[in-house]
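One structure is given here, and the rest of the page talks about it.
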Amino acid sequence: MVDQGLLAEVMKLDESTRRELRDAIDDSLDNAQLSAEIALLIDDRISESVARASDSVTLDEDEREVRAR
């Protein structure tokens, strides 16, 4: 639970300073590593995407197709 007194003091800071504080807090936290299972899943999805690159269309192409309907 967040110390409400501390939160009240933080909220008195201007927005820019609160953003700096947020960034400093984020930097101080451990960056969670992906589990091996999730990393493998991401790698598989990337490989599928690369293998089927010819199936992809650009956003502009997709928008033209939708407008043509």
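Here's how to read the names in the structure tokens: chain A, B, ... by the order shown, residue numbers from 1 in each chain, ligand numbers from 1 in the order shown.
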
Quick one: pick out all helix (DSSP H, G or I) residues within chain A from a backbone DSSP run and write them as JSON, numbers by chain.
{"A": [4, 5, 6, 7, 8, 9, 10, 11, 15, 16, 17, 18, 19, 20, 21, 22, 23, 24, 25, 26, 27, 28, 36, 37, 38, 39, 40, 41, 42, 43, 44, 45, 46, 47, 48, 49, 50, 51, 53, 54, 55, 59, 60, 61, 62, 63, 64, 65, 66, 67, 68]}

What does the distance between atom CA of A:Asp44 and atom CA of A:Asp30 come to in Å, to one decimal place?
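That distance, rounded to one decimal, is 26.1 Å.
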